[in-house]
Amino acid sequence: MLRSMAERPRRADAPRGETATDSRTKPVVLVVEDEPALLTLLKYNLEAEGYRVVEATNGEDALVKAREETPDLILLDWMLPLVSGIEVCRQIRRTPDLKSAAIIMLTAKGEEADKIRGLETGADDYVTKPFSPSELMARAKAALRRARPQSGEENLVYADLEMDLATHRVRRDNKDLHLGPTEFRLLKFLMENQGRVFSREQLLDHVWGRDIYVEPRTVDVHIRRLRKAINVDGLPDLIRTVRSAGYALDIED
Ligand code: CA
């Protein structure tokens, strides 16, 4: 598949005060809510749980932000200005990049028919207002576990290589390794999918994101840096190059 500059605008830089690694490895939650007080409360609780929060206060803005940020989880109010929650849900489910996002609908009390329609439209769960923040956080965690099976894990291990997801430390043979942010994300993805071969295009989509324009040969550059960083002291090469197919985290034989 051919990538053009027009189709793949460069992703905006990470917000100030946050490193690029943080902004990609923290789960991203889009909160769509038009009641300012509730929006503030949700944002506060989600950030306390370690999520990066993106806000939208109407349905139109929700669709724009969802496409820009490809959130892992969307908390979606039912009654919204401009475009209703149900329509936002429907459109998100039709967007290929957003298929894996978890959606929790926030519905008003007693709207049973709405709940059913919400689930039919592709919502994963719903929470009835008024709800306690702790109940919603528990639902959010469960939805994220389903959407991002690895995000609850603290460590990834492959052979003598170990990645601590909480501290971003990577060690091999008990020695600390120094990885750039892109190499970290690349290695994380390969460790999550050990032994599987990925083409350069697939690595671009998963590690750099679908909405970013990068030359496929950039992948080779970062693989080379990653190899240099992890293959220390004459230890075996952990990255397998598959001719004309791509790369895998796999001990070369
Ligand atoms: Ca509302």
# chains A, B, ... in the order shown; residues from 1 in each chain; ligands from 1
>>> residues_around(residues="Glu69 of chain A", least_positions_apart="3", cutoff="8 Å", atoms="only C-alpha atoms", output="PDB file with all heavy atoms, in the first residue's frame")
ATOM      1  N   VAL A  28      -4.584   6.248  26.240  1.00  0.00           N
ATOM      2  CA  VAL A  28      -5.231   7.532  25.956  1.00  0.00           C
ATOM      3  C   VAL A  28      -6.745   7.358  26.102  1.00  0.00           C
ATOM      4  O   VAL A  28      -7.324   6.445  25.526  1.00  0.00           O
ATOM      5  CB  VAL A  28      -4.880   8.015  24.532  1.00  0.00           C
ATOM      6  CG1 VAL A  28      -5.619   9.307  24.204  1.00  0.00           C
ATOM      7  CG2 VAL A  28      -3.373   8.208  24.399  1.00  0.00           C
ATOM      8  N   LYS A  65     -11.344  14.667  17.473  1.00  0.00           N
ATOM      9  CA  LYS A  65     -10.326  14.274  18.447  1.00  0.00           C
ATOM     10  C   LYS A  65     -10.056  12.767  18.368  1.00  0.00           C
ATOM     11  O   LYS A  65      -8.918  12.331  18.514  1.00  0.00           O
ATOM     12  CB  LYS A  65     -10.778  14.635  19.872  1.00  0.00           C
ATOM     13  CG  LYS A  65     -10.945  16.126  20.108  1.00  0.00           C
ATOM     14  CD  LYS A  65      -9.661  16.744  20.632  1.00  0.00           C
ATOM     15  CE  LYS A  65      -9.704  18.257  20.713  1.00  0.00           C
ATOM     16  NZ  LYS A  65     -10.670  18.780  21.687  1.00  0.00           N
ATOM     17  N   ALA A  66     -11.109  11.980  18.152  1.00  0.00           N
ATOM     18  CA  ALA A  66     -10.932  10.528  18.072  1.00  0.00           C
ATOM     19  C   ALA A  66     -10.013  10.174  16.903  1.00  0.00           C
ATOM     20  O   ALA A  66      -9.126   9.334  17.030  1.00  0.00           O
ATOM     21  CB  ALA A  66     -12.281   9.830  17.925  1.00  0.00           C
TER      22      ALA A  66
END
>>> residues_near_ligand(ligand="ligand 1", cutoff="7 Å", atoms="only C-alpha atoms and all ligand atoms", output="PDB file with N, CA and C atoms, in the first residue's frame")
ATOM      1  N   GLU A  33     -18.074  14.833  26.993  1.00  0.00           N
ATOM      2  CA  GLU A  33     -19.068  15.200  27.995  1.00  0.00           C
ATOM      3  C   GLU A  33     -19.290  16.704  27.927  1.00  0.00           C
ATOM      4  N   ASP A  34     -20.556  17.113  27.880  1.00  0.00           N
ATOM      5  CA  ASP A  34     -20.839  18.541  27.758  1.00  0.00           C
ATOM      6  C   ASP A  34     -21.123  19.220  29.097  1.00  0.00           C
ATOM      7  N   GLU A  35     -21.142  18.438  30.193  1.00  0.00           N
ATOM      8  CA  GLU A  35     -21.292  19.078  31.509  1.00  0.00           C
ATOM      9  C   GLU A  35     -19.900  19.344  32.053  1.00  0.00           C
ATOM     10  N   ASP A  77     -20.717  10.455  26.423  1.00  0.00           N
ATOM     11  CA  ASP A  77     -22.023  10.882  26.916  1.00  0.00           C
ATOM     12  C   ASP A  77     -23.059  10.652  25.815  1.00  0.00           C
ATOM     13  N   TRP A  78     -24.262  10.280  26.229  1.00  0.00           N
ATOM     14  CA  TRP A  78     -25.322   9.993  25.259  1.00  0.00           C
ATOM     15  C   TRP A  78     -25.904  11.272  24.664  1.00  0.00           C
ATOM     16  N   MET A  79     -26.250  12.212  25.568  1.00  0.00           N
ATOM     17  CA  MET A  79     -26.894  13.456  25.136  1.00  0.00           C
ATOM     18  C   MET A  79     -25.823  14.516  24.931  1.00  0.00           C
ATOM     19  N   LEU A  80     -25.542  14.808  23.666  1.00  0.00           N
ATOM     20  CA  LEU A  80     -24.466  15.747  23.339  1.00  0.00           C
ATOM     21  C   LEU A  80     -24.944  16.776  22.334  1.00  0.00           C
TER      22      LEU A  80
END
>>> residues_around(residues="segment 45-51 of chain A", least_positions_apart="2", cutoff="7 Å", atoms="only C-alpha atoms", output="PDB file with C-alpha atoms, in the first residue's frame")
ATOM      1  CA  LYS A  26       0.151   5.811  28.546  1.00  0.00           C
ATOM      2  CA  PRO A  27      -3.344   4.661  27.580  1.00  0.00           C
ATOM      3  CA  VAL A  28      -5.231   7.532  25.956  1.00  0.00           C
ATOM      4  CA  VAL A  29      -8.815   8.168  27.092  1.00  0.00           C
ATOM      5  CA  LEU A  41     -14.237  15.190  37.648  1.00  0.00           C
ATOM      6  CA  LEU A  42     -13.644  12.464  35.059  1.00  0.00           C
ATOM      7  CA  LYS A  43     -10.412  14.043  33.850  1.00  0.00           C
ATOM      8  CA  VAL A  53      -6.949  12.450  28.860  1.00  0.00           C
TER       9      VAL A  53
END
>>> closest_residue(among="A:Ser199, A:Arg210, A:Glu162, A:His222", to="Pro181 of chain A", atoms="only C-alpha atoms")
A:His222
>>> select_by_dssp(residues="segment 137-239 of chain A", states="alpha helix (DSSP H)", output="short mmCIF file (atom, residue, chain, number, x, y, z; two decimals) with N, CA and C atoms, in the first residue's frame")
data_model
loop_
_atom_site.label_atom_id
_atom_site.label_comp_id
_atom_site.auth_asym_id
_atom_site.auth_seq_id
_atom_site.Cartn_x
_atom_site.Cartn_y
_atom_site.Cartn_z
N MET A 137 -14.14 4.05 37.11
CA MET A 137 -12.72 3.73 36.92
C MET A 137 -12.53 2.22 36.79
N ALA A 138 -13.31 1.46 37.58
CA ALA A 138 -13.22 0.00 37.50
C ALA A 138 -13.67 -0.49 36.12
N ARG A 139 -14.74 0.11 35.61
CA ARG A 139 -15.24 -0.26 34.27
C ARG A 139 -14.23 0.14 33.20
N ALA A 140 -13.63 1.32 33.39
CA ALA A 140 -12.65 1.82 32.42
C ALA A 140 -11.46 0.87 32.36
N LYS A 141 -10.98 0.45 33.53
CA LYS A 141 -9.83 -0.47 33.58
C LYS A 141 -10.16 -1.78 32.88
N ALA A 142 -11.36 -2.30 33.16
CA ALA A 142 -11.75 -3.57 32.54
C ALA A 142 -11.84 -3.42 31.02
N ALA A 143 -12.39 -2.30 30.56
CA ALA A 143 -12.53 -2.07 29.11
C ALA A 143 -11.15 -1.94 28.47
N LEU A 144 -10.22 -1.26 29.16
CA LEU A 144 -8.87 -1.10 28.62
C LEU A 144 -8.12 -2.42 28.58
N ARG A 145 -8.34 -3.26 29.59
CA ARG A 145 -7.70 -4.58 29.60
C ARG A 145 -8.12 -5.37 28.37
N ARG A 146 -9.41 -5.23 28.01
CA ARG A 146 -9.89 -5.94 26.83
C ARG A 146 -9.32 -5.32 25.55
N ALA A 147 -9.24 -3.98 25.53
CA ALA A 147 -8.78 -3.28 24.32
C ALA A 147 -7.26 -3.35 24.16
N PRO A 181 13.31 7.05 22.38
CA PRO A 181 11.86 6.82 22.48
C PRO A 181 11.31 5.92 21.37
N THR A 182 11.79 6.10 20.15
CA THR A 182 11.27 5.27 19.05
C THR A 182 11.73 3.83 19.21
N GLU A 183 13.00 3.65 19.60
CA GLU A 183 13.51 2.29 19.80
C GLU A 183 12.75 1.61 20.94
N PHE A 184 12.41 2.39 21.96
CA PHE A 184 11.65 1.83 23.09
C PHE A 184 10.29 1.31 22.61
N ARG A 185 9.58 2.13 21.83
CA ARG A 185 8.26 1.72 21.34
C ARG A 185 8.35 0.53 20.40
N LEU A 186 9.38 0.56 19.56
CA LEU A 186 9.59 -0.53 18.61
C LEU A 186 9.86 -1.84 19.37
N LEU A 187 10.73 -1.77 20.36
CA LEU A 187 11.05 -2.97 21.14
C LEU A 187 9.83 -3.44 21.92
N LYS A 188 9.07 -2.49 22.48
CA LYS A 188 7.88 -2.86 23.24
C LYS A 188 6.92 -3.64 22.34
N PHE A 189 6.72 -3.12 21.15
CA PHE A 189 5.80 -3.79 20.22
C PHE A 189 6.31 -5.19 19.86
N LEU A 190 7.60 -5.30 19.59
CA LEU A 190 8.16 -6.60 19.23
C LEU A 190 8.10 -7.57 20.42
N MET A 191 8.30 -7.05 21.63
CA MET A 191 8.23 -7.91 22.82
C MET A 191 6.80 -8.37 23.09
N GLU A 192 5.85 -7.54 22.73
CA GLU A 192 4.44 -7.92 22.90
C GLU A 192 4.01 -8.96 21.86
N ARG A 200 7.81 -3.83 7.19
CA ARG A 200 8.10 -2.42 7.54
C ARG A 200 6.80 -1.63 7.65
N GLU A 201 5.88 -1.88 6.72
CA GLU A 201 4.58 -1.18 6.72
C GLU A 201 3.81 -1.46 8.01
N GLN A 202 3.81 -2.72 8.43
CA GLN A 202 3.09 -3.08 9.66
C GLN A 202 3.73 -2.41 10.87
N LEU A 203 5.05 -2.38 10.88
CA LEU A 203 5.74 -1.73 12.01
C LEU A 203 5.43 -0.24 12.01
N PRO A 216 9.34 3.95 4.66
CA PRO A 216 9.57 2.60 5.18
C PRO A 216 11.04 2.33 5.57
N ARG A 217 11.99 2.98 4.85
CA ARG A 217 13.39 2.69 5.20
C ARG A 217 13.79 3.29 6.55
N THR A 218 12.96 4.22 7.08
CA THR A 218 13.19 4.73 8.44
C THR A 218 13.16 3.58 9.44
N VAL A 219 12.30 2.60 9.17
CA VAL A 219 12.20 1.43 10.05
C VAL A 219 13.56 0.75 10.15
N ASP A 220 14.24 0.62 9.00
CA ASP A 220 15.56 -0.03 8.99
C ASP A 220 16.54 0.71 9.88
N VAL A 221 16.47 2.04 9.81
CA VAL A 221 17.38 2.86 10.62
C VAL A 221 17.16 2.58 12.11
N HIS A 222 15.89 2.57 12.51
CA HIS A 222 15.59 2.36 13.93
C HIS A 222 15.86 0.92 14.37
N ILE A 223 15.65 -0.02 13.48
CA ILE A 223 15.98 -1.42 13.81
C ILE A 223 17.50 -1.52 14.04
N ARG A 224 18.26 -0.83 13.18
CA ARG A 224 19.72 -0.86 13.32
C ARG A 224 20.12 -0.27 14.69
N ARG A 225 19.51 0.85 15.06
CA ARG A 225 19.81 1.46 16.37
C ARG A 225 19.39 0.55 17.52
N LEU A 226 18.23 -0.07 17.34
CA LEU A 226 17.73 -0.96 18.39
C LEU A 226 18.68 -2.15 18.57
N ARG A 227 19.10 -2.71 17.44
CA ARG A 227 20.06 -3.83 17.50
C ARG A 227 21.31 -3.42 18.26
N LYS A 228 21.81 -2.23 17.91
CA LYS A 228 23.05 -1.75 18.52
C LYS A 228 22.85 -1.60 20.04
N ALA A 229 21.66 -1.14 20.42
CA ALA A 229 21.38 -0.89 21.84
C ALA A 229 21.20 -2.18 22.64
N ILE A 230 20.59 -3.18 22.03
CA ILE A 230 20.27 -4.39 22.82
C ILE A 230 21.26 -5.53 22.65
#
>>> closest_residue(among="A:Ala108, A:Ala56, A:Leu249, A:Pro130", to="Val157 of chain A", atoms="only C-alpha atoms")
A:Leu249
>>> closest_residue(among="A:Ile92, A:Leu82, A:Leu179, A:Ile103", to="Val31 of chain A", atoms="only C-alpha atoms")
A:Ile103
>>> atom_distance(atom1="atom CA of Ile212 of chain A", atom2="atom CA of Asp72 of chain A")
17.6 Å
>>> residues_around(residues="Gly118 of chain A", least_positions_apart="6", cutoff="10 Å", atoms="only C-alpha atoms", output="PyMOL selection string")
chain A and resi 78+85-87+89-90+103-107+112+124-126
>>> atom_distance(atom1="atom CA of Pro36 of chain A", atom2="atom CA of Val83 of chain A")
17.6 Å
>>> select_by_dssp(residues="segment 6-142 of chain A", states="strand (DSSP E or B)", output="PyMOL selection string")
chain A and resi 28-32+52-56+73-77+102-107+125-128
>>> closest_residue(among="A:Leu204, A:Ile74, A:Leu30, A:Val232", to="Arg172 of chain A", atoms="only C-alpha atoms")
A:Val232
>>> closest_residue(among="A:Asn174, A:Gln194, A:Thr241, A:Ser134", to="Tyr44 of chain A", atoms="only C-alpha atoms")
A:Ser134
